[in-house]
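Participant: Just one file: data.tsv, with TSV, C-alpha atoms.
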chain	number	residue	atom	x	y	z
A	41	MET	CA	22.86	10.47	173.40
A	42	GLU	CA	19.14	10.82	173.03
A	43	ASN	CA	16.69	10.65	175.86
A	44	VAL	CA	19.26	11.37	178.57
A	45	VAL	CA	18.22	12.29	182.06
A	46	PRO	CA	19.78	15.67	182.85
A	47	ILE	CA	22.83	15.29	185.03
A	48	LYS	CA	21.46	17.54	187.77
A	49	ILE	CA	18.46	15.36	188.54
A	50	GLN	CA	20.63	12.25	188.39
A	51	ILE	CA	22.94	13.57	191.07
A	52	LEU	CA	19.94	14.52	193.16
A	53	THR	CA	18.38	11.05	192.94
A	54	ILE	CA	21.68	9.35	193.74
A	55	ILE	CA	22.12	11.55	196.80
A	56	ALA	CA	18.51	10.97	197.90
A	57	SER	CA	18.77	7.19	197.54
A	58	LEU	CA	22.08	7.14	199.39
A	59	ILE	CA	20.63	9.16	202.26
A	60	PHE	CA	17.62	6.85	202.33
A	61	SER	CA	19.79	3.74	202.45
A	62	PHE	CA	21.93	5.35	205.13
A	63	PHE	CA	18.86	5.86	207.32
A	64	VAL	CA	17.65	2.33	206.70
A	65	SER	CA	21.04	0.88	207.65
A	66	ARG	CA	21.17	3.07	210.73
A	67	LEU	CA	17.75	1.80	211.83
A	68	ILE	CA	18.89	-1.79	211.34
A	69	ILE	CA	22.15	-1.25	213.21
A	70	LYS	CA	20.37	0.44	216.10
A	71	GLY	CA	17.97	-2.49	216.25
A	72	LYS	CA	14.91	-0.36	215.59
A	73	LEU	CA	14.02	-2.32	212.48
A	74	ARG	CA	13.85	-6.07	212.59
A	75	GLU	CA	15.75	-7.89	209.88
A	76	GLU	CA	12.70	-9.45	208.28
A	77	TYR	CA	11.29	-5.99	207.56
A	78	ALA	CA	14.70	-4.59	206.79
A	79	ILE	CA	15.07	-6.89	203.77
A	80	PHE	CA	12.27	-5.11	201.94
A	81	TRP	CA	13.72	-1.67	202.59
A	82	PHE	CA	17.20	-2.82	201.78
A	83	PHE	CA	16.11	-4.05	198.34
A	84	SER	CA	14.09	-0.89	197.74
A	85	THR	CA	17.14	1.27	198.30
A	86	ILE	CA	19.28	-0.94	196.06
A	87	ILE	CA	16.72	-0.58	193.26
A	88	LEU	CA	16.61	3.17	193.77
A	89	ILE	CA	20.38	3.47	193.61
A	90	VAL	CA	20.68	1.20	190.58
A	91	PHE	CA	18.17	3.20	188.57
A	92	SER	CA	19.57	6.53	189.57
A	93	ILE	CA	23.03	5.50	188.36
A	94	TRP	CA	21.94	3.51	185.31
A	95	ARG	CA	20.50	6.39	183.32
A	96	ASN	CA	18.73	4.46	180.59
A	97	GLY	CA	17.64	1.63	182.85
A	98	LEU	CA	14.06	2.71	183.04
A	99	GLU	CA	13.67	2.99	179.26
A	100	VAL	CA	15.35	-0.38	178.79
A	101	MET	CA	13.09	-2.10	181.33
A	102	ALA	CA	10.01	-0.48	179.80
A	103	THR	CA	10.96	-1.69	176.31
A	104	ILE	CA	11.64	-5.22	177.58
A	105	LEU	CA	8.27	-5.37	179.33
A	106	GLY	CA	6.41	-3.72	176.44
A	107	VAL	CA	5.40	-0.63	178.38
A	108	PHE	CA	5.02	2.38	176.05
A	109	GLU	CA	5.46	5.12	178.60
A	110	ALA	CA	8.37	4.46	180.91
A	111	PRO	CA	6.98	6.48	183.86
A	112	ASN	CA	3.90	4.24	183.87
A	113	LEU	CA	6.18	1.32	184.66
A	114	VAL	CA	7.46	3.17	187.70
A	115	PHE	CA	3.97	3.87	189.00
A	116	THR	CA	2.62	0.39	188.33
A	117	ALA	CA	5.59	-1.37	189.87
A	118	ALA	CA	5.76	0.96	192.85
A	119	ILE	CA	2.03	0.78	193.64
A	120	PHE	CA	2.03	-2.98	193.33
A	121	ALA	CA	5.03	-3.31	195.64
A	122	ILE	CA	3.39	-0.95	198.15
A	123	LEU	CA	0.12	-2.94	198.09
A	124	VAL	CA	1.92	-6.21	198.68
A	125	TYR	CA	3.88	-4.69	201.51
A	126	LEU	CA	0.75	-3.21	203.11
A	127	LEU	CA	-0.90	-6.61	202.99
A	128	HIS	CA	2.16	-8.09	204.62
A	129	LEU	CA	1.94	-5.46	207.37
A	130	SER	CA	-1.75	-6.29	207.95
A	131	VAL	CA	-0.79	-9.92	208.40
A	132	VAL	CA	1.90	-8.91	210.88
A	133	ILE	CA	-0.58	-6.72	212.80
A	134	SER	CA	-3.15	-9.52	212.92
A	135	LYS	CA	-0.52	-11.83	214.36
A	136	LEU	CA	0.47	-9.24	216.95
A	137	HIS	CA	-3.19	-8.71	217.81
A	138	ASP	CA	-3.68	-12.42	218.47
A	139	GLY	CA	-0.52	-12.66	220.54
A	140	ASN	CA	-1.54	-9.57	222.48
A	141	LYS	CA	-4.98	-11.00	223.22
A	142	ASN	CA	-3.51	-14.27	224.46
A	143	LEU	CA	-1.02	-12.43	226.66
A	144	ASN	CA	-3.76	-10.27	228.16
A	145	GLN	CA	-5.92	-13.27	228.94
A	146	GLU	CA	-2.98	-15.21	230.34
A	147	ILE	CA	-2.07	-12.28	232.63
A	148	ALA	CA	-5.64	-11.99	233.92
A	149	LEU	CA	-5.79	-15.72	234.64
A	150	LEU	CA	-2.38	-15.72	236.33
A	151	LYS	CA	-3.27	-12.71	238.48
A	152	GLN	CA	-6.34	-14.56	239.69
A	153	LYS	CA	-4.29	-17.68	240.41
A	154	LEU	CA	-1.75	-15.62	242.32
A	155	LYS	CA	-4.53	-14.04	244.37
A	156	GLU	CA	-5.87	-17.48	245.26
A	157	ILE	CA	-2.41	-18.68	246.32
A	158	GLU	CA	-1.80	-15.58	248.42
A	159	LYS	CA	-5.16	-16.01	250.07
A	160	GLY	CA	-4.33	-19.64	250.82
A	161	ASN	CA	-1.02	-18.70	252.43
A	162	SER	CA	-2.28	-16.00	254.71
B	147	MET	CA	-23.17	-32.43	240.76
B	148	HIS	CA	-22.71	-29.96	237.92
B	149	ARG	CA	-20.35	-27.06	238.37
B	150	LEU	CA	-21.50	-24.07	236.41
B	151	ALA	CA	-19.34	-21.05	235.65
B	152	VAL	CA	-21.32	-17.87	235.12
B	153	VAL	CA	-19.13	-15.61	233.04
B	154	ILE	CA	-19.94	-11.90	233.09
B	155	PRO	CA	-17.92	-9.71	230.75
B	156	ALA	CA	-17.95	-6.22	232.25
B	157	TYR	CA	-16.85	-2.98	230.68
B	158	ASN	CA	-17.80	0.09	232.70
B	159	GLU	CA	-20.68	-1.65	234.46
B	160	ALA	CA	-19.93	-0.39	237.98
B	161	LYS	CA	-23.54	0.67	238.54
B	162	SER	CA	-25.29	-2.53	237.53
B	163	ILE	CA	-22.75	-5.27	238.19
B	164	THR	CA	-23.47	-5.57	241.95
B	165	ASN	CA	-27.13	-6.35	241.36
B	166	VAL	CA	-26.37	-8.81	238.60
B	167	VAL	CA	-23.84	-10.78	240.66
B	168	GLU	CA	-25.96	-10.76	243.81
B	169	SER	CA	-29.13	-11.90	242.09
B	170	LEU	CA	-27.22	-14.68	240.38
B	171	ASN	CA	-25.72	-15.84	243.68
B	172	LYS	CA	-29.09	-15.69	245.44
B	173	MET	CA	-30.96	-17.86	242.95
B	174	ASP	CA	-31.65	-21.51	243.65
B	175	TYR	CA	-30.68	-23.60	240.66
B	176	GLY	CA	-31.55	-27.00	242.07
B	177	ASP	CA	-29.66	-29.51	244.20
B	178	ASN	CA	-27.26	-30.72	241.58
B	179	ILE	CA	-25.98	-27.36	240.46
B	180	SER	CA	-23.29	-25.26	242.09
B	181	ILE	CA	-22.47	-21.96	240.49
B	182	GLN	CA	-19.41	-19.77	240.50
B	183	VAL	CA	-19.72	-16.24	239.19
B	184	ILE	CA	-16.72	-15.06	237.21
B	185	VAL	CA	-16.57	-11.39	236.33
B	186	VAL	CA	-14.13	-10.42	233.60
B	187	ASN	CA	-13.24	-6.77	233.90
B	188	ASP	CA	-12.29	-5.68	230.40
B	189	CYS	CA	-10.03	-2.88	231.61
B	190	SER	CA	-12.93	-0.63	232.61
B	191	THR	CA	-12.27	3.08	232.97
B	192	ASP	CA	-14.74	3.50	235.83
B	193	ASN	CA	-14.48	1.82	239.24
B	194	THR	CA	-15.79	-1.58	238.10
B	195	ALA	CA	-12.56	-3.17	239.36
B	196	THR	CA	-13.05	-2.04	242.98
B	197	VAL	CA	-16.75	-2.85	242.90
B	198	ILE	CA	-16.26	-6.42	241.76
B	199	SER	CA	-13.40	-7.23	244.13
B	200	ALA	CA	-15.84	-6.66	247.01
B	201	LEU	CA	-18.36	-9.11	245.55
B	202	ASN	CA	-18.66	-12.85	245.99
B	203	CYS	CA	-17.14	-13.81	242.67
B	204	VAL	CA	-13.93	-14.64	240.89
B	205	SER	CA	-12.62	-11.47	239.27
B	206	LEU	CA	-10.41	-11.59	236.23
B	207	MET	CA	-8.73	-8.29	235.46
B	208	LEU	CA	-7.61	-7.77	231.88
B	209	PRO	CA	-4.64	-5.42	231.65
B	210	SER	CA	-5.91	-3.90	228.40
B	211	ASN	CA	-9.26	-3.70	226.67
B	212	LEU	CA	-9.95	-6.74	224.48
B	213	GLY	CA	-13.60	-6.24	223.55
B	214	ILE	CA	-16.50	-8.49	224.40
B	215	GLY	CA	-15.24	-11.63	222.63
B	216	GLY	CA	-11.78	-11.57	224.14
B	217	ALA	CA	-13.16	-10.76	227.57
B	218	VAL	CA	-15.75	-13.48	227.63
B	219	GLN	CA	-13.24	-15.99	226.28
B	220	THR	CA	-11.00	-15.22	229.26
B	221	GLY	CA	-13.84	-16.35	231.50
B	222	TYR	CA	-14.41	-19.47	229.42
B	223	ARG	CA	-10.70	-20.25	229.59
B	224	TYR	CA	-10.83	-19.92	233.35
B	225	ALA	CA	-13.81	-22.27	233.43
B	226	PHE	CA	-12.10	-24.75	231.15
B	227	ASN	CA	-8.81	-24.70	233.07
B	228	ASN	CA	-10.63	-25.14	236.37
B	229	ASN	CA	-12.62	-28.07	235.10
B	230	PHE	CA	-16.10	-26.61	235.21
B	231	ASP	CA	-18.80	-28.75	233.58
B	232	TRP	CA	-20.74	-25.87	232.10
B	233	ALA	CA	-20.33	-22.19	231.47
B	234	VAL	CA	-22.91	-19.54	230.73
B	235	GLN	CA	-22.48	-15.99	229.56
B	236	VAL	CA	-24.55	-13.38	231.34
B	237	ASP	CA	-24.33	-9.73	230.43
B	238	GLY	CA	-23.16	-7.29	233.08
B	239	ASP	CA	-25.91	-4.76	232.45
B	240	GLY	CA	-28.79	-6.79	233.85
B	241	GLN	CA	-30.32	-7.73	230.49
B	242	HIS	CA	-30.32	-11.42	231.35
B	243	PRO	CA	-32.44	-12.11	234.45
B	244	ALA	CA	-31.12	-14.76	236.86
B	245	HIS	CA	-34.41	-16.65	236.95
B	246	GLU	CA	-34.19	-17.27	233.20
B	247	LEU	CA	-30.87	-19.02	233.70
B	248	LYS	CA	-32.72	-21.89	235.33
B	249	LYS	CA	-34.51	-22.53	232.01
B	250	LEU	CA	-31.21	-22.80	230.19
B	251	ILE	CA	-29.94	-25.27	232.79
B	252	ASP	CA	-33.07	-27.41	232.59
B	253	THR	CA	-32.84	-27.55	228.81
B	254	MET	CA	-29.18	-28.54	229.06
B	255	LEU	CA	-30.11	-31.40	231.40
B	256	ASN	CA	-33.13	-32.61	229.46
B	257	GLU	CA	-32.12	-32.19	225.84
B	258	ASN	CA	-28.52	-33.31	226.04
B	259	ALA	CA	-27.50	-30.20	224.15
B	260	ASP	CA	-23.99	-28.82	223.71
B	261	VAL	CA	-25.10	-25.22	223.44
B	262	VAL	CA	-28.31	-23.72	224.77
B	263	ILE	CA	-29.16	-20.24	223.49
B	264	GLY	CA	-31.74	-18.04	225.18
B	265	SER	CA	-33.81	-16.35	222.48
B	266	ARG	CA	-35.96	-13.26	222.82
B	267	PHE	CA	-37.93	-14.07	219.70
B	268	LEU	CA	-39.17	-17.66	220.11
B	269	LYS	CA	-41.92	-16.43	222.36
B	270	LYS	CA	-42.32	-12.75	221.98
B	271	GLU	CA	-41.90	-11.80	225.62
B	272	GLY	CA	-39.97	-9.12	227.40
B	273	PHE	CA	-37.81	-6.47	225.82
B	274	GLN	CA	-37.88	-7.03	222.06
B	275	SER	CA	-35.05	-4.71	221.01
B	276	SER	CA	-35.46	-1.94	218.44
B	277	LEU	CA	-36.86	-2.43	214.94
B	278	MET	CA	-33.47	-1.94	213.29
B	279	ARG	CA	-31.91	-4.53	215.57
B	280	ARG	CA	-34.64	-7.01	214.75
B	281	VAL	CA	-34.10	-6.49	211.03
B	282	GLY	CA	-30.41	-7.24	211.55
B	283	ILE	CA	-31.14	-10.29	213.66
B	284	ASN	CA	-33.52	-11.64	211.01
B	285	TYR	CA	-30.86	-11.12	208.42
B	286	PHE	CA	-28.44	-13.24	210.46
B	287	LYS	CA	-31.10	-15.86	210.90
B	288	THR	CA	-31.44	-16.14	207.13
B	289	LEU	CA	-27.70	-16.11	206.56
B	290	ILE	CA	-27.07	-18.84	209.12
B	291	ARG	CA	-29.96	-20.93	207.82
B	292	PHE	CA	-28.56	-20.63	204.31
B	293	LEU	CA	-25.07	-21.68	205.37
B	294	CYS	CA	-25.78	-24.25	208.06
B	295	GLY	CA	-29.35	-25.32	207.55
B	296	ILE	CA	-30.36	-24.54	211.12
B	297	THR	CA	-32.65	-21.81	212.35
B	298	ILE	CA	-31.40	-19.64	215.17
B	299	THR	CA	-33.96	-16.94	215.85
B	300	ASP	CA	-31.65	-14.88	218.07
B	301	ALA	CA	-28.12	-15.32	216.80
B	302	THR	CA	-26.93	-12.17	218.55
B	303	SER	CA	-28.07	-13.34	221.96
B	304	GLY	CA	-25.21	-13.47	224.41
B	305	PHE	CA	-27.25	-15.47	226.88
B	306	ARG	CA	-25.93	-18.95	226.12
B	307	LEU	CA	-24.94	-22.02	228.08
B	308	PHE	CA	-22.07	-24.27	227.00
B	309	ASN	CA	-21.14	-27.77	228.09
B	310	LYS	CA	-17.58	-28.99	228.45
B	311	LYS	CA	-17.20	-30.06	224.84
B	312	THR	CA	-18.16	-26.57	223.69
B	313	LEU	CA	-15.88	-25.02	226.30
B	314	GLU	CA	-12.99	-26.94	224.84
B	315	LEU	CA	-13.71	-25.50	221.40
B	316	VAL	CA	-14.14	-22.01	222.81
B	317	ASN	CA	-10.93	-22.31	224.79
B	318	ASP	CA	-9.22	-22.94	221.48
B	319	TYR	CA	-10.86	-20.24	219.40
B	320	TYR	CA	-13.45	-17.55	219.97
B	321	PRO	CA	-14.05	-14.45	217.82
B	322	ASP	CA	-12.95	-11.08	219.22
B	323	GLU	CA	-15.54	-8.61	218.11
B	324	TYR	CA	-19.30	-9.30	218.01
B	325	PRO	CA	-18.71	-13.01	218.60
B	326	GLU	CA	-22.27	-14.32	218.81
B	327	PRO	CA	-23.43	-14.96	215.21
B	328	GLU	CA	-20.00	-16.10	214.13
B	329	SER	CA	-19.69	-18.60	216.94
B	330	VAL	CA	-23.06	-20.17	216.04
B	331	VAL	CA	-21.55	-21.09	212.67
B	332	TYR	CA	-18.36	-22.24	214.36
B	333	PHE	CA	-20.35	-24.54	216.65
B	334	THR	CA	-22.57	-26.05	213.95
B	335	LEU	CA	-19.58	-26.83	211.78
B	336	HIS	CA	-18.18	-28.80	214.71
B	337	HIS	CA	-21.34	-30.86	215.02
B	338	LEU	CA	-22.46	-29.37	218.30
B	339	LYS	CA	-26.10	-29.68	219.16
B	340	ILE	CA	-27.54	-26.20	219.52
B	341	VAL	CA	-30.92	-25.80	221.19
B	342	GLU	CA	-32.73	-22.49	221.40
B	343	ILE	CA	-35.28	-21.80	224.10
B	344	PRO	CA	-37.50	-18.79	224.70
B	345	VAL	CA	-36.38	-16.41	227.45
B	346	SER	CA	-37.40	-12.91	228.25
B	347	MET	CA	-34.78	-10.25	228.59
B	348	ASP	CA	-34.86	-6.88	230.27
B	349	ARG	CA	-33.93	-3.55	228.84
B	350	ARG	CA	-30.43	-2.60	229.92
B	351	LYS	CA	-30.47	-0.52	233.08
B	352	ASP	CA	-27.19	1.34	232.85
B	353	GLY	CA	-24.33	1.66	230.48
B	354	THR	CA	-24.45	1.75	226.70
B	355	SER	CA	-24.70	-1.00	224.11
B	356	SER	CA	-21.46	-2.28	222.67
B	357	ILE	CA	-22.90	-1.40	219.26
B	358	GLY	CA	-23.60	2.28	218.69
B	359	ARG	CA	-25.74	3.70	215.92
B	360	PHE	CA	-22.86	4.62	213.65
B	361	ALA	CA	-21.20	1.30	214.30
B	362	SER	CA	-24.21	-0.69	213.13
B	363	VAL	CA	-23.31	-0.61	209.45
B	364	TYR	CA	-19.80	-1.68	210.32
B	365	PHE	CA	-21.30	-4.33	212.58
B	366	MET	CA	-23.42	-5.83	209.77
B	367	LEU	CA	-20.53	-5.87	207.32
B	368	LYS	CA	-18.01	-7.19	209.77
B	369	VAL	CA	-20.25	-9.96	211.05
B	370	THR	CA	-21.35	-10.99	207.55
B	371	LEU	CA	-17.72	-11.30	206.50
B	372	ALA	CA	-16.80	-13.06	209.72
B	373	VAL	CA	-19.67	-15.53	209.32
B	374	LEU	CA	-18.72	-16.27	205.71
B	375	PHE	CA	-15.04	-16.68	206.48
B	376	THR	CA	-15.70	-18.81	209.53
B	377	PHE	CA	-17.86	-20.99	207.32
B	378	LEU	CA	-15.15	-21.33	204.68
B	379	LYS	CA	-12.42	-21.88	207.25
B	380	PHE	CA	-14.10	-24.62	209.27
B	381	ARG	CA	-16.38	-26.10	206.61
B	382	PHE	CA	-13.46	-27.91	205.04
B	383	SER	CA	-11.16	-28.27	208.01
B	384	PRO	CA	-12.99	-28.41	211.33
B	385	LYS	CA	-10.81	-28.21	214.41
B	386	THR	CA	-11.72	-31.56	215.85
B	387	LEU	CA	-12.24	-34.13	213.12
B	388	LYS	CA	-14.40	-35.57	210.35
B	389	ASP	CA	-16.07	-33.77	207.46
B	390	GLY	CA	-17.56	-30.38	208.14
B	391	LYS	CA	-21.19	-31.16	207.62
B	392	CYS	CA	-23.58	-28.98	209.54
B	393	SER	CA	-25.44	-30.91	212.16
B	394	THR	CA	-29.19	-31.04	212.04
B	395	HIS	CA	-31.54	-31.81	214.78
Is it possible to give me this structure as structure tokens?
Facilitator:
Amino acid sequence: MENVVPIKIQILTIIASLIFSFFVSRLIIKGKLREEYAIFWFFSTIILIVFSIWRNGLEVMATILGVFEAPNLVFTAAIFAILVYLLHLSVVISKLHDGNKNLNQEIALLKQKLKEIEKGNS
Amino acid sequence: MHRLAVVIPAYNEAKSITNVVESLNKMDYGDNISIQVIVVNDCSTDNTATVISALNCVSLMLPSNLGIGGAVQTGYRYAFNNNFDWAVQVDGDGQHPAHELKKLIDTMLNENADVVIGSRFLKKEGFQSSLMRRVGINYFKTLIRFLCGITITDATSGFRLFNKKTLELVNDYYPDEYPEPESVVYFTLHHLKIVEIPVSMDRRKDGTSSIGRFASVYFMLKVTLAVLFTFLKFRFSPKTLKDGKCSTH
């Protein structure tokens, strides 16, 4: 077969992707990763495993999409996915920031109210 | 009788805050005005908290640092929840003299305004800020005039008086960081009547500006973006109602 990935590197990538997916699942099970974020990582590991087992997958995908150099497909796809995910994280952070601000303000206002009530009682 | 909330955002202002609060409380604002000073301690690292709890004022203690916009909004929310008629922002460093507040109040009464802004540049009196600051402020003036068709000579002035209608808007949304120029756009897009009057301000006595030298480039960029996005956001869908035409007066 022409253009075959050497068996050594294939075993290595399979092992690496399996370890990665093991860690992701462990984080989900332990509740350290919320499901909505877990989905992304779950799919990433599946893709990694699929392409490390399916030796010619990359070449096939590149031909289908009209990419001349298969590795370029990897970089383009990976960078795009990372950008999208970073944007998603920025949105999440902005939401947290807003919630955090509201909580802070609410606490300050409630503390003041409590002080007034305590003063009224004594 | 008008109840006025004087909101003072304070971050590490232990040295100057006592004077500011006392001079505000001492002033006579006329028979129909009763004031309540509200100090918002934005999680200061010095002893601002202990200093203000000894003063004659309502003290709001934020559990973590929110920045000027978030802090001052806390005060406005307090004012709104407690049914104050008006609220004014006064800086904790003594830049805004208590006797100038009277001018803002008179303008509010006479001009039927929604927002009264005290400007350093209408009449060139008092501390005029540094040259670089003035260049920046002129830039904002041009930007706001281009977007909203109104001229605000001192868009970065924090010395501003709101009526209840404005308070309701501010209770709903107020920018976090460097809120002044952005909120001018926010107000005009909601058809509020903004009136600017000349006031003189003092040089800050203690503490440092919220905008350092290295932060000024970031400040210009951030505020320009914020102004543009606020314009786009509320131009086509204002919070209250109607089309988002800028009001003119």
Participant: Quick check, in Å to one decimal: how far apart do atom CA of A:Ala56 and atom CA of A:Val132 lie?
Facilitator: 29.0 Å
Participant: Do you have the atom CA of B:Ala244-atom CA of B:Trp232 distance handy?
Facilitator: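 Here the two named atoms are 15.9 Å from each other.
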Participant: Which residues of chain A have any atom within 9 Å of an atom in chain B when counting all atoms listed in the file, and what is the closest pair of atoms for each, with the distance in Å to one decimal? Order the rows by chain and rising number and write it as CSV.
Facilitator:
residue,atom,partner,partner_atom,distance
A:Lys141,CA,B:Leu212,CA,6.7
A:Asn142,CA,B:Gly216,CA,8.7
A:Asn144,CA,B:Leu208,CA,5.9
A:Gln145,CA,B:Thr220,CA,5.5
A:Glu146,CA,B:Thr220,CA,8.1
A:Ile147,CA,B:Leu208,CA,7.2
A:Ala148,CA,B:Met207,CA,5.1
A:Leu149,CA,B:Leu206,CA,6.4
A:Lys151,CA,B:Leu206,CA,7.6
A:Gln152,CA,B:Leu206,CA,6.1
Participant: Would you please work out which residue, of B:Val152, B:Leu315, B:Met366, B:Cys203, is nearest to B:Arg279 when using all atoms listed in the file?
Facilitator: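 Closest to B:Arg279, using all atoms listed in the file: B:Met366.
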Participant: Smallest atom-to-atom distance to B:Phe375: which of B:Asn256, B:Ser329, B:Asn284, B:Ser346, using only C-alpha atoms?
Facilitator: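 When distances to B:Phe375 are compared using only C-alpha atoms, the smallest one comes from B:Ser329.
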Participant: Would you please work out which residue, of B:Phe292, B:Val345, B:Met147, B:Leu313, is nearest to B:Phe377 when using all atoms listed in the file?
Facilitator: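 Going through B:Phe292, B:Val345, B:Met147, B:Leu313 one by one, the smallest distance to B:Phe377 is for B:Phe292.
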Participant: Which one of B:Asp300, B:Lys172, B:Ile263, B:Gln182 sits closest to B:Val281 if you count all atoms listed in the file?
Facilitator: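 So, comparing all the options, the nearest one is B:Asp300.
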Participant: To one decimal place, how far is atom CA of B:Ile340 from atom CA of B:Val261 in Å?
Facilitator: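 If I compute the distance from atom CA of B:Ile340 to atom CA of B:Val261, I get 4.7 Å.
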Participant: Point out the residue among B:Val185, B:Leu247, B:Ile214, B:Ala259 with the least atom-to-atom distance to B:Ile163, counting only C-alpha atoms.
Facilitator: B:Val185
Participant: Excluding same-chain residues fewer than 2 positions from stretch 76-78 of chain A, what lies within 10 Å of it counting all atoms listed in the file, as number ranges by chain?
Facilitator: A: 64-65, 67-68, 72-74, 80-84, 125, 128-129
Participant: Restricting the calculation to only C-alpha atoms, which member of B:Met278, B:Val197, B:Ile343, B:Leu378 is positioned closest to B:Ala160?
Facilitator: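 Of the candidates, the smallest distance to B:Ala160 is held by B:Val197.
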Participant: Show me, as a PyMOL selection string, the residues that have an atom within 8 Å of A:Ser57 when counting only C-alpha atoms, minus same-chain residues fewer than 2 positions from it.
Facilitator: chain A and resi 53-55+59-61+85+88-89
Participant: Can I get N, CA, C and O atoms for stretch 98-110 of chain A, as a CSV table (one decimal), in the first residue's frame?
Facilitator:
chain,number,residue,atom,x,y,z
A,98,LEU,N,-7.0,10.8,6.4
A,98,LEU,CA,-6.6,12.2,6.2
A,98,LEU,C,-6.5,12.5,4.7
A,98,LEU,O,-7.0,13.5,4.2
A,99,GLU,N,-5.8,11.5,4.0
A,99,GLU,CA,-5.7,11.7,2.6
A,99,GLU,C,-7.0,11.7,1.9
A,99,GLU,O,-7.3,12.5,1.0
A,100,VAL,N,-7.9,10.8,2.3
A,100,VAL,CA,-9.2,10.7,1.7
A,100,VAL,C,-10.0,12.1,1.8
A,100,VAL,O,-10.5,12.6,0.9
A,101,MET,N,-10.0,12.6,3.1
A,101,MET,CA,-10.7,13.8,3.4
A,101,MET,C,-10.1,15.0,2.6
A,101,MET,O,-10.8,15.8,2.0
A,102,ALA,N,-8.7,15.0,2.5
A,102,ALA,CA,-8.1,16.1,1.7
A,102,ALA,C,-8.5,16.0,0.3
A,102,ALA,O,-8.8,17.0,-0.3
A,103,THR,N,-8.5,14.8,-0.3
A,103,THR,CA,-8.9,14.7,-1.7
A,103,THR,C,-10.3,15.1,-1.9
A,103,THR,O,-10.7,15.9,-2.9
A,104,ILE,N,-11.2,14.7,-1.0
A,104,ILE,CA,-12.6,15.1,-1.1
A,104,ILE,C,-12.8,16.6,-1.1
A,104,ILE,O,-13.5,17.2,-1.9
A,105,LEU,N,-12.0,17.3,-0.2
A,105,LEU,CA,-12.2,18.7,0.0
A,105,LEU,C,-11.3,19.5,-1.0
A,105,LEU,O,-11.4,20.7,-1.0
A,106,GLY,N,-10.5,18.8,-1.8
A,106,GLY,CA,-9.7,19.5,-2.8
A,106,GLY,C,-8.5,20.2,-2.2
A,106,GLY,O,-7.9,21.1,-2.7
A,107,VAL,N,-8.0,19.6,-1.0
A,107,VAL,CA,-6.8,20.2,-0.4
A,107,VAL,C,-5.6,19.4,-0.9
A,107,VAL,O,-5.6,18.1,-0.9
A,108,PHE,N,-4.6,20.1,-1.5
A,108,PHE,CA,-3.4,19.4,-2.1
A,108,PHE,C,-2.6,18.7,-1.1
A,108,PHE,O,-2.2,17.5,-1.2
A,109,GLU,N,-2.2,19.4,0.0
A,109,GLU,CA,-1.4,18.9,1.0
A,109,GLU,C,-2.2,18.5,2.2
A,109,GLU,O,-2.8,19.3,2.9
A,110,ALA,N,-2.3,17.2,2.5
A,110,ALA,CA,-3.1,16.7,3.6
A,110,ALA,C,-2.9,17.4,4.9
A,110,ALA,O,-3.8,17.8,5.6
